[in-house]
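Just below is one structure, and these are the notes that go with it.
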Amino acid sequence: EWRIFAAYVVAGGVILSLLFIFVIVTTGFRYAQKIEQRVATHSGSLSSTSQIWSEALVGRLVRCSHVFAFLVFRKCSSRFCRKRASTLGDPDVPLPRLWQAWCLVPVLSMYGVLAVVLLAGIFMQLE
């Protein structure tokens with residue numbers, strides 16, 4: 001019984017992760033572009049990433065992941081994280097919370113679902 005339930009969790013998690021990826025490359029990408037335009041500096045990694053990667057599927061995922069990393073690093077209080085955020089863009093630029101939410105929530109949700117899927121897979125192996 002538990003193995004069947006875990007298999008459903010894995011299958012549902014994969015489908016949810018694909019749904020979150022779809023949200024990331026559609027609506028989330030629009031807000032990631034806005035954040036890129038606002039915080040990008042000439043020497044920052046976000047500006048070079050937007051020039052290198054196109055707006056195709058893989059390019060959107062790469063650019064969204066860079067914006068996600070920037071948003072996470074800029075909120076950390078450690079010196080290392082602030083320095084890393086400044087290499088990506090300008091961490092002192094104010095950003096609307098809605099823009100940040102569209103870039104953070106789908107990615108964090110996808111990671112959370114993947115963690116549950118991994119735990120369910122491990123549980124299936126233990127039984």
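Scheme for the structure tokens: letters A, B, ... for chains in order shown; per-chain residue numbers from 1; ligand numbers from 1 in order shown.
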Restrict the calculation to only C-alpha atoms, then for each residue of stretch 103-123 of chain A with any atom at most 6 Å from an atom of stretch 14-37 of chain A give the closest atom pair and their distance in Å to one decimal, rows by chain and rising residue number, as a tab-separated table.
```
residue	atom	partner	partner_atom	distance
A:Cys103	CA	A:Gly28	CA	5.4
A:Pro106	CA	A:Phe20	CA	5.6
A:Met110	CA	A:Ser17	CA	5.2
```
May I have the residues within 9 Å of stretch 65-68 of chain A as a list of chain:residue names, using only C-alpha atoms and disregarding those fewer than 3 positions away in the same chain?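 Once the adjacent positions are removed, what remains is A:Ala32, A:Gln33, A:Ile35, A:Glu36, A:Ser45, A:Leu46, A:Thr49, A:Arg60, A:Leu61, A:Val62, A:Leu71, A:Val72, A:Phe73, A:Leu88, A:Gln100, A:Cys103, A:Leu104, A:Val107.
Using only C-alpha atoms, the smallest distance between any of A:Phe123, A:Tyr8, A:Trp53, A:Phe70 and A:Ala40 comes from A:Phe70.
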Check: Any idea what's packed within 6 Å of stretch 118-121 of chain A, counting only C-alpha atoms, ignoring anything in its chain fewer than 3 positions away? Could you give it as a list of chain:residue names?
Finding: A:Ala6, A:Ala115, A:Met124
**Message:** as a PyMOL selection string, please: every residue in stretch 4-95 of chain A that a backbone DSSP assignment puts in alpha helix (DSSP H).
**Reply:** chain A and resi 4-23+29-39+45-52+57-75+79-88
Could the residues in this selection be written to a file with C-alpha atoms, as a JSON list (two decimals), in the first residue's frame?
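Output file result_29.json is given in full below:
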```
[["chain", "number", "residue", "atom", "x", "y", "z"],
["A", 4, "ILE", "CA", 1.69, 2.49, -4.33],
["A", 5, "PHE", "CA", 1.03, 5.74, -2.48],
["A", 6, "ALA", "CA", 4.71, 6.72, -2.86],
["A", 7, "ALA", "CA", 4.51, 5.94, -6.59],
["A", 8, "TYR", "CA", 1.53, 8.29, -6.90],
["A", 9, "VAL", "CA", 3.45, 10.95, -5.00],
["A", 10, "VAL", "CA", 6.39, 10.58, -7.40],
["A", 11, "ALA", "CA", 4.15, 10.74, -10.48],
["A", 12, "GLY", "CA", 2.22, 13.72, -9.14],
["A", 13, "GLY", "CA", 5.44, 15.45, -8.17],
["A", 14, "VAL", "CA", 6.88, 15.10, -11.64],
["A", 15, "ILE", "CA", 3.71, 16.56, -13.15],
["A", 16, "LEU", "CA", 3.69, 19.43, -10.63],
["A", 17, "SER", "CA", 7.36, 20.16, -11.34],
["A", 18, "LEU", "CA", 6.64, 20.35, -15.06],
["A", 19, "LEU", "CA", 3.77, 22.72, -14.30],
["A", 20, "PHE", "CA", 6.07, 24.93, -12.24],
["A", 21, "ILE", "CA", 8.65, 24.93, -15.04],
["A", 22, "PHE", "CA", 5.89, 26.05, -17.43],
["A", 23, "VAL", "CA", 5.02, 28.92, -15.05],
["A", 29, "PHE", "CA", 10.16, 35.05, -17.31],
["A", 30, "ARG", "CA", 8.32, 38.30, -17.98],
["A", 31, "TYR", "CA", 9.05, 39.44, -14.44],
["A", 32, "ALA", "CA", 12.61, 38.10, -14.60],
["A", 33, "GLN", "CA", 13.18, 40.29, -17.66],
["A", 34, "LYS", "CA", 11.87, 43.33, -15.77],
["A", 35, "ILE", "CA", 14.20, 42.59, -12.87],
["A", 36, "GLU", "CA", 17.12, 42.07, -15.26],
["A", 37, "GLN", "CA", 16.50, 45.43, -16.89],
["A", 38, "ARG", "CA", 16.25, 47.23, -13.58],
["A", 39, "VAL", "CA", 19.22, 45.73, -11.71],
["A", 45, "SER", "CA", 26.56, 38.80, -14.83],
["A", 46, "LEU", "CA", 22.84, 39.43, -15.40],
["A", 47, "SER", "CA", 23.52, 41.74, -18.33],
["A", 48, "SER", "CA", 25.91, 39.30, -19.99],
["A", 49, "THR", "CA", 23.53, 36.39, -19.37],
["A", 50, "SER", "CA", 20.69, 38.22, -21.09],
["A", 51, "GLN", "CA", 22.94, 38.90, -24.08],
["A", 52, "ILE", "CA", 24.28, 35.35, -24.34],
["A", 57, "LEU", "CA", 13.14, 27.56, -23.59],
["A", 58, "VAL", "CA", 16.62, 26.78, -22.26],
["A", 59, "GLY", "CA", 17.61, 30.44, -22.35],
["A", 60, "ARG", "CA", 14.57, 31.40, -20.34],
["A", 61, "LEU", "CA", 15.37, 28.76, -17.71],
["A", 62, "VAL", "CA", 18.99, 29.92, -17.45],
["A", 63, "ARG", "CA", 18.04, 33.58, -17.19],
["A", 64, "CYS", "CA", 15.32, 32.86, -14.62],
["A", 65, "SER", "CA", 17.78, 30.82, -12.56],
["A", 66, "HIS", "CA", 20.25, 33.71, -12.56],
["A", 67, "VAL", "CA", 17.54, 36.14, -11.44],
["A", 68, "PHE", "CA", 16.47, 33.65, -8.76],
["A", 69, "ALA", "CA", 20.05, 33.41, -7.49],
["A", 70, "PHE", "CA", 20.35, 37.19, -7.49],
["A", 71, "LEU", "CA", 17.16, 37.59, -5.45],
["A", 72, "VAL", "CA", 18.24, 34.98, -2.92],
["A", 73, "PHE", "CA", 21.76, 36.37, -2.55],
["A", 74, "ARG", "CA", 20.60, 39.96, -2.14],
["A", 75, "LYS", "CA", 18.38, 39.04, 0.82],
["A", 79, "ARG", "CA", 29.13, 39.32, 3.30],
["A", 80, "PHE", "CA", 29.72, 36.50, 0.81],
["A", 81, "CYS", "CA", 26.12, 36.55, -0.41],
["A", 82, "ARG", "CA", 26.02, 40.34, -0.77],
["A", 83, "LYS", "CA", 29.26, 40.23, -2.76],
["A", 84, "ARG", "CA", 27.87, 37.49, -4.99],
["A", 85, "ALA", "CA", 24.67, 39.49, -5.53],
["A", 86, "SER", "CA", 26.73, 42.52, -6.52],
["A", 87, "THR", "CA", 28.57, 40.46, -9.15],
["A", 88, "LEU", "CA", 25.20, 39.57, -10.66]]
```
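Straight-line separation from atom CA of A:Asp90 to atom CA of A:Thr41: 6.6 Å.
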> What separation in Å, quoted to one decimal, exists between atom CA of A:Val117 and atom CA of A:Arg3?
Replying inline: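 Value for the atom CA of A:Val117-atom CA of A:Arg3 distance: 12.7 Å.
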If you measure from atom CA of A:Pro91 to atom CA of A:Cys76, what distance in Å do you get, rounded to one decimal?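 Atom CA of A:Pro91 sits 10.7 Å away from atom CA of A:Cys76.
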